[in-house]
Amino acid sequence: MSEFWRNLSDTDEALDAILTGYKGTVLDMPIYEDVTKFLNKNGSILDFGCGAGRNLKYLKDTYSQVYGYDFPNMLKIVPRETLAKGNVTITSDWDFISRHKYDEVLCSLVLQHIDPDELKTILARLTSCSSRFIIHSRIWVDFTFEPIMPILEQYFNVDIIEYQKDPNSNENDHFIGVFIPKEK
């Protein structure tokens with residue numbers, strides 16, 4: 001599945017993949033209120049899988065330092081206005097990201113798109129970057145339908161979790177919560 005995201009090259013195609021059917025501009029893509037209520041709103045934050053930057057627009061006005069990580073092709077479509085304030089750093093350099101510590105890490109609608117084996121490798125490294133994670137995801141990995149919670153529970157303790165309905169269906173197939181990395 002990561003090849004799918006790596007190969008998106010058109011902004012409209014990427015926006016539609018991020019929010020199915022979304023036809024607006026990148027700058028107007030919404031951050032979900034269900035996400036913002038879990039944020040501490042101070043210090044530094046990493047938006048892991050920041051995509052087109054929909055969350056960065058909100059985060060840059062809320063945190064003193066914001067980092068966004070994604071594939072290079074996705075970072076190309078982050079609006080330059082999002083970066084103008086000077087407190088936002090976007091990168092596809094995993095080594096750069098993993099050398100830093102963040103007050104929080106946000107993973108919003110990204111983990112569900114990662115192959116389970118690759119996800120385990122990512123989480124093993126990512127958990128050393130922060131002591132607080134806000135995770136918003138579907139309850140399964142999109143292309144394997146493997147439940148995602150058992151994978152997360154290998155690396156995190158659940159502090160708070162809420163299950164939600166997908167606005168496009170009647171299923172409680174999403175969750176959002178605060179996760180604390182397990183002691184290593």
# chains A, B, ... in the order shown; residues from 1 in each chain; ligands from 1

$ residues_around --residues "A:Tyr155" --least-positions-apart "5" --cutoff "8 Å" --atoms "only C-alpha atoms" --output "CSV table (one decimal) with N, CA, C and O atoms, in the first residue's frame"
chain,number,residue,atom,x,y,z
A,123,LEU,N,6.4,1.6,14.2
A,123,LEU,CA,6.0,1.8,15.6
A,123,LEU,C,7.1,1.6,16.6
A,123,LEU,O,7.3,2.3,17.6
A,124,ALA,N,7.9,0.5,16.3
A,124,ALA,CA,9.0,0.2,17.2
A,124,ALA,C,10.0,1.4,17.3
A,124,ALA,O,10.5,1.8,18.3
A,127,THR,N,7.9,5.0,18.7
A,127,THR,CA,7.5,5.1,20.1
A,127,THR,C,8.6,5.7,21.0
A,127,THR,O,8.3,6.3,22.0
A,181,PRO,N,3.4,5.0,25.0
A,181,PRO,CA,4.3,3.9,24.7
A,181,PRO,C,4.6,3.1,25.9
A,181,PRO,O,4.7,3.6,27.0
A,182,LYS,N,4.6,1.8,25.7
A,182,LYS,CA,5.0,0.8,26.7
A,182,LYS,C,6.5,1.0,27.1
A,182,LYS,O,7.3,1.4,26.2

$ residues_around --residues "A:Ser98" --least-positions-apart "2" --cutoff "8 Å" --atoms "only C-alpha atoms" --output "CSV table (one decimal) with N, CA and C atoms, in the first residue's frame"
chain,number,residue,atom,x,y,z
A,94,TRP,N,13.5,10.1,7.4
A,94,TRP,CA,13.1,9.3,8.7
A,94,TRP,C,14.2,9.5,9.7
A,95,ASP,N,15.4,9.5,9.4
A,95,ASP,CA,16.5,9.6,10.4
A,95,ASP,C,16.4,11.0,11.1
A,96,PHE,N,16.1,12.0,10.4
A,96,PHE,CA,15.9,13.4,11.0
A,96,PHE,C,14.8,13.3,12.0
A,100,HIS,N,14.7,13.3,16.9
A,100,HIS,CA,14.1,14.3,17.7
A,100,HIS,C,13.1,13.7,18.7
A,101,LYS,N,12.8,14.5,19.7
A,101,LYS,CA,11.8,14.2,20.7
A,101,LYS,C,10.7,15.2,20.6
A,125,ARG,N,10.2,2.1,16.1
A,125,ARG,CA,11.1,3.3,16.1
A,125,ARG,C,10.3,4.5,16.6
A,126,LEU,N,9.1,4.7,16.2
A,126,LEU,CA,8.4,5.9,16.5
A,126,LEU,C,8.1,6.1,18.0
A,128,SER,N,9.9,5.7,20.5
A,128,SER,CA,10.9,6.4,21.3
A,128,SER,C,11.0,7.9,21.1
A,129,CYS,N,10.1,8.4,20.2
A,129,CYS,CA,10.1,9.9,19.9
A,129,CYS,C,9.2,10.7,20.8

$ select_by_dssp --residues "chain A" --states "helix (DSSP H, G or I)" --output "number ranges by chain"
A: 2-6, 11-18, 26-28, 33-36, 54-59, 72-75, 80-83, 94-99, 111-113, 116-129, 149-153

$ residues_around --residues "A:His136" --least-positions-apart "3" --cutoff "7 Å" --atoms "only C-alpha atoms" --output "list in words"
Cys107, Ser108, Leu109, Phe175, Ile176 and Gly177 of chain A

$ write_last_selection --atoms "N, CA, C and O atoms" --output "mmCIF file, in the first residue's frame"
data_model
loop_
_atom_site.group_PDB
_atom_site.id
_atom_site.type_symbol
_atom_site.label_atom_id
_atom_site.label_comp_id
_atom_site.auth_asym_id
_atom_site.auth_seq_id
_atom_site.Cartn_x
_atom_site.Cartn_y
_atom_site.Cartn_z
ATOM 1 N N CYS A 107 -0.997 10.853 14.657
ATOM 2 C CA CYS A 107 -1.113 9.924 13.525
ATOM 3 C C CYS A 107 -2.594 9.898 13.162
ATOM 4 O O CYS A 107 -3.377 9.168 13.758
ATOM 5 N N SER A 108 -2.981 10.728 12.209
ATOM 6 C CA SER A 108 -4.386 10.852 11.856
ATOM 7 C C SER A 108 -4.652 10.240 10.489
ATOM 8 O O SER A 108 -4.201 10.759 9.468
ATOM 9 N N LEU A 109 -5.375 9.146 10.497
ATOM 10 C CA LEU A 109 -5.788 8.435 9.286
ATOM 11 C C LEU A 109 -4.597 8.057 8.407
ATOM 12 O O LEU A 109 -4.636 8.192 7.189
ATOM 13 N N PHE A 175 -11.521 4.791 15.269
ATOM 14 C CA PHE A 175 -11.294 5.130 16.665
ATOM 15 C C PHE A 175 -10.340 6.314 16.709
ATOM 16 O O PHE A 175 -9.618 6.599 15.763
ATOM 17 N N ILE A 176 -10.368 6.993 17.818
ATOM 18 C CA ILE A 176 -9.411 8.050 18.098
ATOM 19 C C ILE A 176 -9.115 7.983 19.586
ATOM 20 O O ILE A 176 -10.002 7.721 20.388
ATOM 21 N N GLY A 177 -7.844 8.183 19.911
ATOM 22 C CA GLY A 177 -7.501 8.128 21.316
ATOM 23 C C GLY A 177 -6.099 8.608 21.605
ATOM 24 O O GLY A 177 -5.348 9.002 20.710
#

$ select_by_dssp --residues "stretch 131-178 of chain A" --states "strand (DSSP E)" --output "count of residues only"
20

$ closest_residue --among "A:Ala84, A:Ile180, A:Leu106, A:Leu59" --to "A:Ser131" --atoms "only C-alpha atoms"
A:Ile180

$ closest_residue --among "A:Pro116, A:Pro72, A:Gly86, A:Gly49" --to "A:Pro147" --atoms "only C-alpha atoms"
A:Pro116

$ residues_around --residues "A:Tyr67" --least-positions-apart "3" --cutoff "12 Å" --atoms "only C-alpha atoms" --output "PyMOL selection string"
chain A and resi 43-50+53+55-57+59-60+63-64+70+75+82-83+86-94+96-98+100-106

$ atom_distance --atom1 "atom CA of A:Thr62" --atom2 "atom CA of A:Glu81"
15.8 Å

$ closest_residue --among "A:Pro150, A:Phe145, A:Val35, A:Ile139" --to "A:Lys165" --atoms "only C-alpha atoms"
A:Ile139

$ atom_distance --atom1 "atom CA of A:Asp159" --atom2 "atom CA of A:Ala52"
28.4 Å

$ closest_residue --among "A:Lys76, A:Val158, A:Glu171, A:Val178" --to "A:Asn40" --atoms "only C-alpha atoms"
A:Val178

$ closest_residue --among "A:Met74, A:Ile160, A:Val110, A:Ile151" --to "A:Ser137" --atoms "only C-alpha atoms"
A:Val110

$ atom_distance --atom1 "atom CA of A:Gln65" --atom2 "atom CA of A:Arg99"
15.2 Å
